$ cat my_file_8.csv   # CSV, C-alpha atoms and all ligand atoms
chain,number,residue,atom,x,y,z
A,1112,MET,CA,-11.5,16.4,7.2
A,1113,ALA,CA,-11.7,12.7,6.6
A,1114,ARG,CA,-8.9,11.2,4.5
A,1115,ILE,CA,-10.0,9.0,1.6
A,1116,HIS,CA,-8.4,5.8,0.4
A,1117,ASN,CA,-5.5,6.5,-2.0
A,1118,PHE,CA,-4.5,4.0,-4.7
A,1119,SER,CA,-2.3,6.4,-6.6
A,1120,ALA,CA,0.7,5.1,-8.4
A,1121,GLY,CA,2.8,7.9,-7.1
A,1122,PRO,CA,3.1,10.3,-5.3
A,1123,ALA,CA,1.4,7.8,-3.2
A,1124,VAL,CA,0.0,7.0,0.3
A,1125,LEU,CA,2.4,7.4,3.2
A,1126,PRO,CA,2.3,5.7,6.6
A,1127,GLU,CA,0.1,7.6,9.1
A,1128,PRO,CA,2.7,7.5,11.9
A,1129,VAL,CA,5.2,9.1,9.6
A,1130,LEU,CA,2.8,11.8,8.5
A,1131,ARG,CA,2.0,12.6,12.1
A,1132,ARG,CA,5.7,12.8,13.1
A,1133,THR,CA,6.4,14.9,10.0
A,1134,GLN,CA,3.5,17.2,10.8
A,1135,ALA,CA,5.2,17.9,14.2
A,1136,ALA,CA,8.7,18.1,12.8
A,1137,LEU,CA,7.6,20.7,10.3
A,1138,TRP,CA,7.0,23.0,13.3
A,1139,GLU,CA,9.9,21.8,15.3
A,1140,TYR,CA,12.3,19.0,14.7
A,1141,GLY,CA,13.2,17.4,18.1
A,1142,ASP,CA,13.9,20.2,20.5
A,1143,SER,CA,16.0,22.2,18.0
A,1144,GLY,CA,13.6,25.1,17.8
A,1145,LEU,CA,13.7,24.7,14.0
A,1146,GLY,CA,11.3,23.2,11.5
A,1147,ILE,CA,12.7,20.3,9.5
A,1148,ALA,CA,12.1,22.1,6.2
A,1149,GLU,CA,13.8,25.2,7.5
A,1150,CYS,CA,17.2,24.0,8.7
A,1151,SER,CA,20.4,24.2,6.7
A,1152,HIS,CA,21.7,21.2,4.9
A,1153,ARG,CA,25.1,22.0,6.3
A,1154,SER,CA,23.9,21.9,9.9
A,1155,ALA,CA,24.7,19.2,12.4
A,1156,LEU,CA,21.0,18.7,12.7
A,1157,PHE,CA,20.5,17.7,9.1
A,1158,GLU,CA,23.8,15.7,9.0
A,1159,GLY,CA,22.1,13.5,11.6
A,1160,VAL,CA,19.0,13.2,9.5
A,1161,ILE,CA,20.8,12.2,6.3
A,1162,GLN,CA,23.1,9.8,8.1
A,1163,ALA,CA,20.2,8.0,9.9
A,1164,ALA,CA,18.4,7.6,6.5
A,1165,ARG,CA,21.5,6.2,4.9
A,1166,GLU,CA,22.1,3.8,7.7
A,1167,ARG,CA,18.6,2.5,7.8
A,1168,ILE,CA,18.6,1.8,4.0
A,1169,THR,CA,22.0,0.1,4.3
A,1170,ARG,CA,20.6,-2.1,7.1
A,1171,LEU,CA,17.3,-2.9,5.4
A,1172,LEU,CA,19.0,-3.9,2.2
A,1173,HIS,CA,22.1,-5.6,3.7
A,1174,LEU,CA,24.4,-3.4,1.7
A,1175,ASP,CA,28.1,-4.0,1.9
A,1176,GLU,CA,30.9,-1.6,2.8
A,1177,ASP,CA,31.6,-0.8,-0.9
A,1178,GLN,CA,28.1,0.5,-1.5
A,1179,VAL,CA,27.2,4.1,-1.0
A,1180,VAL,CA,23.6,5.5,-0.6
A,1181,LEU,CA,23.0,8.8,-2.3
A,1182,PHE,CA,20.0,11.1,-2.3
A,1183,LEU,CA,19.8,12.8,-5.7
A,1184,GLN,CA,17.4,15.0,-7.6
A,1185,GLY,CA,16.0,14.8,-11.1
A,1186,GLY,CA,13.8,11.8,-10.4
A,1187,ALA,CA,14.4,8.2,-11.3
A,1188,ARG,CA,14.3,9.2,-14.9
A,1189,SER,CA,17.5,11.2,-14.6
A,1190,GLN,CA,19.2,7.9,-13.7
A,1191,PHE,CA,18.2,6.5,-17.1
A,1192,TYR,CA,21.0,8.7,-18.6
A,1193,MET,CA,23.2,9.5,-15.6
A,1194,TRP,CA,24.2,5.8,-15.1
A,1195,PRO,CA,25.1,5.0,-18.7
A,1196,ALA,CA,26.7,8.4,-19.1
A,1197,ASN,CA,29.1,7.5,-16.3
A,1198,VAL,CA,29.8,3.8,-17.0
A,1199,LEU,CA,28.9,2.8,-20.5
A,1200,ARG,CA,31.3,5.0,-22.4
A,1201,GLY,CA,30.8,3.4,-25.8
A,1202,GLY,CA,30.5,-0.2,-24.4
A,1203,ARG,CA,27.6,-2.6,-24.5
A,1204,ALA,CA,24.7,-2.8,-22.1
A,1205,VAL,CA,22.0,-5.4,-21.7
A,1206,TYR,CA,18.4,-4.3,-21.0
A,1207,LEU,CA,15.3,-6.3,-20.2
A,1208,ASN,CA,12.4,-4.5,-21.8
A,1209,THR,CA,9.6,-5.2,-19.5
A,1210,GLY,CA,7.7,-2.0,-19.4
A,1211,ARG,CA,7.3,1.6,-20.4
A,1212,TRP,CA,10.0,2.8,-18.0
A,1213,ALA,CA,12.5,0.1,-18.9
A,1214,ASP,CA,12.0,1.0,-22.6
A,1215,LEU,CA,12.7,4.7,-21.9
A,1216,ALA,CA,15.8,3.7,-19.9
A,1217,ALA,CA,17.1,1.7,-22.7
A,1218,ALA,CA,16.5,4.5,-25.2
A,1219,ASP,CA,18.6,6.9,-23.1
A,1220,ALA,CA,21.4,4.3,-22.7
A,1221,ALA,CA,21.6,4.0,-26.4
A,1222,ARG,CA,23.1,7.6,-26.5
A,1223,TYR,CA,26.2,6.3,-24.7
A,1224,GLY,CA,26.8,2.9,-26.2
A,1225,THR,CA,25.2,-0.2,-27.7
A,1226,VAL,CA,22.0,-1.6,-26.1
A,1227,HIS,CA,21.4,-5.3,-26.4
A,1228,THR,CA,17.8,-6.2,-25.6
A,1229,ALA,CA,18.0,-9.7,-23.9
A,1230,PHE,CA,14.2,-9.9,-23.3
A,1231,SER,CA,11.2,-7.9,-24.5
A,1232,SER,CA,7.5,-8.2,-23.8
A,1233,LYS,CA,6.8,-4.9,-25.6
A,1234,GLU,CA,5.0,-6.5,-28.5
A,1235,ALA,CA,2.6,-8.2,-26.1
A,1236,GLY,CA,1.9,-5.0,-24.3
A,1237,TRP,CA,4.5,-5.7,-21.6
A,1238,ASP,CA,2.3,-8.4,-20.1
A,1239,ARG,CA,5.1,-10.3,-18.3
A,1240,VAL,CA,8.7,-10.4,-17.1
A,1241,PRO,CA,11.1,-13.2,-18.2
A,1242,SER,CA,11.5,-16.5,-16.4
A,1243,PRO,CA,15.2,-17.0,-15.5
A,1244,GLY,CA,15.9,-19.2,-18.6
A,1245,GLU,CA,14.4,-16.7,-21.1
A,1246,ILE,CA,17.0,-14.0,-20.9
A,1247,SER,CA,19.3,-14.3,-23.9
A,1248,SER,CA,23.0,-14.1,-23.3
A,1249,ALA,CA,24.6,-10.9,-24.3
A,1250,GLY,CA,27.9,-12.7,-24.8
A,1251,ASP,CA,31.0,-11.6,-23.1
A,1252,GLY,CA,31.9,-8.1,-22.3
A,1253,ALA,CA,28.7,-6.4,-21.5
A,1254,VAL,CA,29.3,-3.6,-19.0
A,1255,TYR,CA,26.0,-4.0,-17.1
A,1256,LEU,CA,22.6,-5.6,-17.2
A,1257,HIS,CA,19.7,-3.2,-16.4
A,1258,TYR,CA,16.2,-4.3,-15.3
A,1259,THR,CA,13.1,-2.7,-13.8
A,1260,SER,CA,12.2,-4.8,-10.8
A,1261,ASN,CA,8.6,-3.7,-10.8
A,1262,ASN,CA,6.8,-2.3,-13.9
A,1263,THR,CA,4.5,0.3,-12.5
A,1264,VAL,CA,2.4,0.9,-15.6
A,1265,ALA,CA,1.9,-2.7,-16.8
A,1266,GLY,CA,1.7,-4.2,-13.3
A,1267,THR,CA,4.3,-6.9,-13.5
A,1268,GLU,CA,7.2,-7.6,-11.1
A,1269,PHE,CA,10.3,-9.8,-11.0
A,1270,SER,CA,10.1,-12.4,-8.2
A,1271,GLN,CA,13.8,-13.2,-8.7
A,1272,ILE,CA,16.9,-11.2,-9.4
A,1273,PRO,CA,18.1,-11.9,-13.0
A,1274,ASP,CA,21.5,-13.3,-13.6
A,1275,ALA,CA,23.8,-10.6,-15.0
A,1276,GLY,CA,26.5,-13.1,-15.9
A,1277,GLY,CA,29.8,-11.2,-15.4
A,1278,ALA,CA,28.2,-7.8,-16.0
A,1279,ILE,CA,27.3,-5.2,-13.3
A,1280,LEU,CA,23.8,-5.7,-12.1
A,1281,ALA,CA,21.8,-2.4,-12.3
A,1282,CYS,CA,18.2,-2.0,-11.2
A,1283,ASP,CA,15.4,0.5,-11.4
A,1284,MET,CA,13.7,-0.4,-8.1
A,1285,SER,CA,11.4,2.7,-8.1
A,1286,SER,CA,8.1,1.0,-7.5
A,1287,ASN,CA,9.0,-1.9,-5.3
A,1288,PHE,CA,11.9,-0.5,-3.3
A,1289,LEU,CA,12.0,-1.9,0.3
A,1290,SER,CA,8.8,-3.9,-0.3
A,1291,ARG,CA,10.3,-7.4,0.2
A,1292,PRO,CA,13.6,-8.8,1.6
A,1293,ILE,CA,16.3,-8.6,-1.0
A,1294,ASP,CA,20.1,-9.0,-0.8
A,1295,GLY,CA,21.1,-5.5,-1.9
A,1296,SER,CA,24.8,-6.5,-1.9
A,1297,ARG,CA,24.2,-8.4,-5.2
A,1298,PHE,CA,23.7,-5.1,-7.0
A,1299,GLY,CA,26.2,-2.8,-8.6
A,1300,PHE,CA,23.8,0.0,-9.0
A,1301,VAL,CA,20.2,0.6,-7.7
A,1302,TYR,CA,17.9,3.6,-8.0
A,1303,ALA,CA,14.4,4.4,-6.8
A,1304,GLY,CA,12.3,7.6,-7.0
A,1305,ALA,CA,11.0,8.2,-3.5
A,1306,GLN,CA,7.4,8.9,-4.4
A,1307,LYS,CA,6.1,5.4,-4.4
A,1308,ASN,CA,7.4,3.5,-1.3
A,1309,LEU,CA,9.6,6.0,0.4
A,1310,GLY,CA,8.4,9.6,0.7
A,1311,PRO,CA,7.5,12.7,-1.3
A,1312,SER,CA,8.6,13.3,-4.9
A,1313,GLY,CA,11.8,15.3,-5.5
A,1314,VAL,CA,14.4,12.8,-4.2
A,1315,THR,CA,15.8,9.6,-5.7
A,1316,VAL,CA,17.7,7.1,-3.7
A,1317,VAL,CA,20.8,5.9,-5.6
A,1318,ILE,CA,23.1,3.1,-4.5
A,1319,VAL,CA,26.5,3.0,-6.2
A,1320,ARG,CA,29.7,1.1,-5.6
A,1321,ARG,CA,32.8,3.0,-4.6
A,1322,SER,CA,34.9,0.5,-6.5
A,1323,LEU,CA,33.2,1.4,-9.7
A,1324,LEU,CA,33.9,5.1,-9.4
A,1325,PRO,CA,37.4,5.1,-11.0
A,1326,ARG,CA,36.1,3.7,-14.2
A,1327,MET,CA,33.4,6.4,-14.6
A,1328,ASP,CA,33.7,9.3,-17.0
A,1329,PRO,CA,35.5,12.2,-15.3
A,1330,GLU,CA,34.6,14.7,-18.0
A,1331,LEU,CA,30.9,14.9,-17.2
A,1332,PRO,CA,29.5,18.0,-15.6
A,1333,ALA,CA,30.0,17.8,-11.8
A,1334,MET,CA,26.3,17.2,-11.0
A,1335,LEU,CA,26.3,14.2,-13.2
A,1336,GLN,CA,29.3,12.5,-11.7
A,1337,TYR,CA,28.6,9.9,-9.1
A,1338,ALA,CA,32.2,10.3,-7.9
A,1339,LYS,CA,31.6,13.9,-7.0
A,1340,GLN,CA,28.2,13.1,-5.4
A,1341,VAL,CA,29.9,10.5,-3.3
A,1342,GLU,CA,32.7,12.8,-2.4
A,1343,ARG,CA,30.3,15.5,-1.2
A,1344,ASP,CA,27.8,13.1,0.5
A,1345,SER,CA,24.9,14.0,-2.0
A,1346,MET,CA,25.4,17.7,-1.1
A,1347,LEU,CA,27.1,19.0,-4.2
A,1348,ASN,CA,24.1,21.3,-4.3
A,1349,THR,CA,21.3,21.7,-1.9
A,1350,PRO,CA,19.6,18.3,-1.5
A,1351,CYS,CA,15.9,17.7,-1.1
A,1352,THR,CA,16.2,18.0,2.7
A,1353,PHE,CA,12.6,17.5,3.5
A,1354,GLY,CA,12.3,14.4,1.3
A,1355,ILE,CA,15.4,12.9,2.9
A,1356,TYR,CA,13.8,13.5,6.3
A,1357,VAL,CA,10.6,11.7,5.3
A,1358,ILE,CA,12.6,8.8,3.7
A,1359,GLY,CA,14.4,8.3,7.1
A,1360,GLU,CA,11.1,8.3,8.9
A,1361,VAL,CA,9.5,5.8,6.5
A,1362,CYS,CA,12.6,3.5,7.0
A,1363,ARG,CA,12.2,3.9,10.7
A,1364,TRP,CA,8.5,2.9,10.5
A,1365,LEU,CA,9.6,-0.2,8.5
A,1366,GLU,CA,12.2,-1.2,11.0
A,1367,GLU,CA,10.4,-0.3,14.2
A,1368,ASP,CA,6.7,-0.8,13.5
A,1369,MET,CA,6.5,-3.2,10.6
A,1370,GLY,CA,9.0,-5.9,11.4
A,1371,GLY,CA,11.4,-4.9,8.6
A,1372,LEU,CA,11.2,-6.1,5.1
A,1373,ARG,CA,9.9,-9.5,6.1
A,1374,GLY,CA,7.0,-8.0,7.9
A,1375,ILE,CA,6.1,-5.6,5.2
A,1376,GLU,CA,6.4,-8.3,2.6
A,1377,SER,CA,3.8,-10.5,4.3
A,1378,ARG,CA,1.4,-7.5,4.4
A,1379,ASN,CA,2.1,-6.7,0.7
A,1380,ILE,CA,1.4,-10.4,-0.2
A,1381,LYS,CA,-1.9,-10.5,1.7
A,1382,GLN,CA,-3.2,-7.2,0.3
A,1383,SER,CA,-2.3,-8.0,-3.3
A,1384,GLU,CA,-3.7,-11.6,-3.0
A,1385,ARG,CA,-7.0,-10.2,-1.8
A,1386,ILE,CA,-7.4,-8.0,-4.9
A,1387,TYR,CA,-6.2,-10.8,-7.3
A,1388,ALA,CA,-8.6,-13.2,-5.7
A,1389,GLU,CA,-11.4,-10.8,-6.4
A,1390,ILE,CA,-10.3,-10.3,-10.0
A,1391,ASP,CA,-10.2,-14.1,-10.5
A,1392,ARG,CA,-13.4,-14.8,-8.6
A,1393,THR,CA,-16.0,-14.8,-11.4
A,1394,GLY,CA,-14.5,-13.6,-14.7
A,1395,PHE,CA,-16.2,-10.2,-14.6
A,1396,TRP,CA,-12.8,-8.6,-13.9
A,1397,LYS,CA,-9.8,-9.5,-16.0
A,1398,GLY,CA,-6.2,-9.2,-14.8
A,1399,LYS,CA,-4.1,-7.5,-17.5
A,1400,VAL,CA,-0.9,-9.5,-17.1
A,1401,ALA,CA,0.4,-13.1,-17.0
A,1402,ARG,CA,-0.4,-14.6,-13.6
A,1403,SER,CA,3.2,-15.6,-12.9
A,1404,SER,CA,4.3,-12.0,-13.4
A,1405,ARG,CA,1.7,-10.2,-11.3
A,1406,SER,CA,2.9,-7.3,-9.2
A,1407,ARG,CA,2.3,-7.0,-5.5
A,1408,MET,CA,2.6,-3.2,-5.9
A,1409,ASN,CA,0.5,-2.3,-8.9
A,1410,VAL,CA,-2.5,-4.5,-9.6
A,1411,THR,CA,-3.8,-3.8,-13.1
A,1412,PHE,CA,-7.2,-5.0,-14.2
A,1413,SER,CA,-10.2,-4.2,-16.4
A,1414,SER,CA,-13.8,-5.0,-17.0
A,1415,GLY,CA,-12.9,-5.4,-20.7
A,1416,ASP,CA,-15.1,-2.4,-21.5
A,1417,ALA,CA,-13.4,1.0,-21.5
A,1418,ALA,CA,-16.7,2.8,-20.7
A,1419,LEU,CA,-17.3,0.5,-17.7
A,1420,ASP,CA,-13.8,1.0,-16.5
A,1421,THR,CA,-14.3,4.8,-16.6
A,1422,ALA,CA,-17.6,4.4,-14.7
A,1423,PHE,CA,-15.7,2.3,-12.1
A,1424,HIS,CA,-12.9,4.7,-11.3
A,1425,THR,CA,-15.1,7.8,-11.4
A,1426,SER,CA,-17.7,6.3,-9.1
A,1427,ALA,CA,-15.0,4.8,-6.9
A,1428,ALA,CA,-13.4,8.3,-6.6
A,1429,ALA,CA,-16.9,9.8,-5.7
A,1430,GLY,CA,-17.1,7.1,-3.0
A,1431,GLY,CA,-13.7,7.9,-1.4
A,1432,LEU,CA,-11.4,5.5,-3.4
A,1433,SER,CA,-9.1,7.6,-5.4
A,1434,GLY,CA,-6.4,7.0,-8.0
A,1435,LEU,CA,-7.7,3.8,-9.6
A,1436,LYS,CA,-7.5,4.9,-13.2
A,1437,GLY,CA,-4.9,3.0,-15.2
A,1438,HIS,CA,-1.9,4.8,-16.7
A,1439,SER,CA,-2.9,7.0,-19.7
A,1440,SER,CA,-0.8,4.9,-22.1
A,1441,VAL,CA,-2.7,1.6,-21.3
A,1442,GLY,CA,-6.1,2.6,-19.9
A,1443,GLY,CA,-8.0,0.1,-17.7
A,1444,LEU,CA,-7.7,0.2,-13.9
A,1445,ARG,CA,-4.8,0.1,-11.5
A,1446,ALA,CA,-4.7,-0.3,-7.7
A,1447,SER,CA,-1.3,0.7,-6.2
A,1448,LEU,CA,-0.6,-1.2,-3.0
A,1449,TYR,CA,2.7,0.3,-1.9
A,1450,ASN,CA,4.0,-0.4,1.6
A,1451,ALA,CA,1.9,2.2,3.3
A,1452,GLN,CA,-1.4,1.0,1.8
A,1453,THR,CA,-3.8,0.2,4.5
A,1454,ASP,CA,-5.8,-3.0,5.0
A,1455,GLU,CA,-8.9,-0.8,5.4
A,1456,ALA,CA,-8.4,0.6,1.9
A,1457,VAL,CA,-8.0,-2.9,0.4
A,1458,ASP,CA,-11.2,-4.0,2.2
A,1459,ALA,CA,-13.0,-1.0,0.8
A,1460,LEU,CA,-11.8,-1.7,-2.7
A,1461,VAL,CA,-12.8,-5.4,-2.6
A,1462,GLU,CA,-16.2,-4.4,-1.4
A,1463,PHE,CA,-16.5,-1.7,-4.1
A,1464,MET,CA,-15.4,-4.2,-6.9
A,1465,ARG,CA,-18.1,-6.7,-5.7
A,1466,ALA,CA,-20.8,-4.1,-5.6
A,1467,PHE,CA,-19.9,-2.8,-9.0
A,1468,GLU,CA,-20.0,-6.3,-10.4
A,1469,GLN,CA,-23.4,-6.9,-8.9
A,1470,THR,CA,-24.8,-3.8,-10.6
A,1471,HIS,CA,-23.0,-4.2,-14.0
A,1472,GLY,CA,-22.2,-7.9,-14.3
B,1501,LIG,C1,9.7,2.1,-12.5
B,1501,LIG,C2,9.8,3.5,-12.7
B,1501,LIG,N1,10.9,4.1,-13.1
B,1501,LIG,C3,11.1,5.4,-13.3
B,1501,LIG,C4,10.0,6.2,-13.1
B,1501,LIG,C5,10.2,7.7,-13.4
B,1501,LIG,O1,10.3,8.3,-12.1
B,1501,LIG,P1,10.5,9.8,-11.9
B,1501,LIG,O2,9.1,10.5,-12.1
B,1501,LIG,O3,10.9,9.9,-10.4
B,1501,LIG,O4,11.5,10.4,-12.8
B,1501,LIG,C6,8.8,5.7,-12.7
B,1501,LIG,C7,7.6,6.7,-12.5
B,1501,LIG,O5,6.5,6.3,-12.3
B,1501,LIG,C8,8.7,4.3,-12.5
B,1501,LIG,O6,7.5,3.8,-12.1
$ encode --input "my_file_8.csv" --output "structure tokens" --more "lines below"
Ligand SMILES: Cc1ncc(COP(=O)(O)O)c(C=O)c1O
Amino acid sequence: MARIHNFSAGPAVLPEPVLRRTQAALWEYGDSGLGIAECSHRSALFEGVIQAARERITRLLHLDEDQVVLFLQGGARSQFYMWPANVLRGGRAVYLNTGRWADLAAADAARYGTVHTAFSSKEAGWDRVPSPGEISSAGDGAVYLHYTSNNTVAGTEFSQIPDAGGAILACDMSSNFLSRPIDGSRFGFVYAGAQKNLGPSGVTVVIVRRSLLPRMDPELPAMLQYAKQVERDSMLNTPCTFGIYVIGEVCRWLEEDMGGLRGIESRNIKQSERIYAEIDRTGFWKGKVARSSRSRMNVTFSSGDAALDTAFHTSAAAGGLSGLKGHSSVGGLRASLYNAQTDEAVDALVEFMRAFEQTHG
């Protein structure tokens, strides 16, 4: 069977060498005689797998000794409430409302304290992220500032880390995790669902600071307490062992095959610039967001005609380019170019956009 080009926003394309190794590991991991999805999470074998994944993420993001990498379940969305439930405790949090997921995260936080919206592009259809000077001050005493580094639905991305003032910096990095060099040690809290840049769905990477644990709510149910998850190395219950294995392999691919985050960034820039150049070439295609906020991961665009957009993604799918339909809440078109996206897929998309324009322009 020939594989088609996959532009899905997640679960998304994975690197071929990782899929090949995983295929073999499902039958037998190393020379253990066991398939990777069949061995106990309490075994020395799996302890090696989770430890390696943790170490690779720590290295790639330059985390410091206070930061702990966890592999939790419930998706990135569970972190929308788990984080404020632990740390907000009636206090004030600052949110940057730059997209659908940021909006939902803020709504969950409001259950545990006061939410101050320091920037919102919601009224304009989340068409941009703030420039550094545009974030209103939350005054003194905010517990944390939360932002979404890449807005998967709208197709916008922060190119700089916002200034959190004296507050803890918290970030939903789900859709651009490990896609560019970043100083991870600047963050107090990071989370990312795996199914975009990291692996299969079912596991969420969470990075917390040990030094913050004493101020967290000790009355929460055990599964919701970061302190307990840290104490038990993400194994308070049975973790998503297979997903953690794939995350480790994806990180290995980044480190050993792609030249780390600098290497993958340059590929991500090239691929996204090719699609944006095609969008800007004649005016037939329209980008959906402000140019300065354009995402390298999720390129959103439209012909300006809903029926033509539908014709585009359905005929693209028939021609072997899948997943180009925009999110149901916004319509239009979206090409997701996560780390594992191939240059061949990008070439094929550019060619298809051009041919479509010739026929319909
Ligand atoms: C930026 C962002 N945050 C959170 C989520 C929710 O992730 P999950 O489905 O893992 O809960 C998504 C899903 O697409 C997302 O793109």
$ residues_near_ligand --input "my_file_8.csv" --ligand "ligand LIG 1501 (chain B)" --cutoff "10 Å" --atoms "all atoms listed in the file" --output "ChimeraX atom specification"
/A:1120-1122,1184-1191,1210-1213,1215-1216,1258-1266,1282-1288,1302-1307,1312-1316,1409,1438
$ residues_near_point --input "my_file_8.csv" --point "(28.9, -13.0, -20.2)" --cutoff "7 Å" --atoms "only C-alpha atoms" --output "ChimeraX atom specification"
/A:1248-1253,1276-1278
$ closest_residue --input "my_file_8.csv" --among "A:Arg1131, A:Arg1392, A:Arg1326, A:Lys1381" --to "A:Val1254" --atoms "all atoms listed in the file"
A:Arg1326
$ residues_around --input "my_file_8.csv" --residues "stretch 1149-1151 of chain A" --least-positions-apart "2" --cutoff "10 Å" --atoms "all atoms listed in the file" --output "number ranges by chain"
A: 1137-1140, 1143-1147, 1153-1158, 1349, 1352-1353
$ closest_residue --input "my_file_8.csv" --among "A:Ile1355, A:Val1205, A:Ala1113, A:Ile1386" --to "A:Thr1133" --atoms "all atoms listed in the file"
A:Ile1355
$ atom_distance --input "my_file_8.csv" --atom1 "atom CA of A:Leu1460" --atom2 "atom CA of A:Gly1415"
18.4 Å
$ atom_distance --input "my_file_8.csv" --atom1 "atom CA of A:Tyr1255" --atom2 "atom CA of A:Leu1324"
14.3 Å
$ residues_around --input "my_file_8.csv" --residues "A:Gly1443" --least-positions-apart "5" --cutoff "7 Å" --atoms "all atoms listed in the file" --output "list of chain:residue names"
A:Phe1412, A:Ser1413, A:Ala1417, A:Asp1420, A:Lys1436, A:Gly1437
$ residues_near_point --input "my_file_8.csv" --point "(16.6, 2.4, 12.0)" --cutoff "6 Å" --atoms "all atoms listed in the file" --output "PyMOL selection string"
chain A and resi 1167+1363+1366
$ closest_residue --input "my_file_8.csv" --among "A:Ser1377, A:Thr1470, A:Asn1197, A:Ser1426" --to "A:Asp1328" --atoms "only C-alpha atoms"
A:Asn1197
$ atom_distance --input "my_file_8.csv" --atom1 "atom CA of A:Gly1299" --atom2 "atom CA of A:Ala1204"
13.6 Å
$ residues_around --input "my_file_8.csv" --residues "A:Thr1209" --least-positions-apart "2" --cutoff "6 Å" --atoms "all atoms listed in the file" --output "list in words"
Leu1207, Ser1231, Ser1232, Trp1237 and Val1240 of chain A
$ closest_residue --input "my_file_8.csv" --among "A:Leu1347, A:Ile1272, A:Met1112, A:Leu1199" --to "A:Met1327" --atoms "only C-alpha atoms"
A:Leu1199
$ residues_around --input "my_file_8.csv" --residues "A:Ser1296" --least-positions-apart "4" --cutoff "7 Å" --atoms "only C-alpha atoms" --output "VMD selection string"
chain A and resid 1173 to 1175
$ closest_residue --input "my_file_8.csv" --among "A:Tyr1449, A:Tyr1192, A:Tyr1206, A:Phe1467" --to "A:Leu1256" --atoms "only C-alpha atoms"
A:Tyr1206
$ residues_around --input "my_file_8.csv" --residues "A:Glu1360" --least-positions-apart "2" --cutoff "10 Å" --atoms "only C-alpha atoms" --output "list in words"
Pro1126, Pro1128, Val1129, Leu1130, Arg1132, Thr1133, Val1160, Ala1163, Ala1164, Arg1167, Leu1309, Gly1310, Gly1354, Ile1355, Tyr1356, Val1357, Ile1358, Cys1362, Arg1363, Trp1364, Leu1365 and Glu1366 of chain A
$ closest_residue --input "my_file_8.csv" --among "A:Gln1340, A:Ser1270, A:Leu1432, A:His1471" --to "A:Asp1458" --atoms "only C-alpha atoms"
A:Leu1432
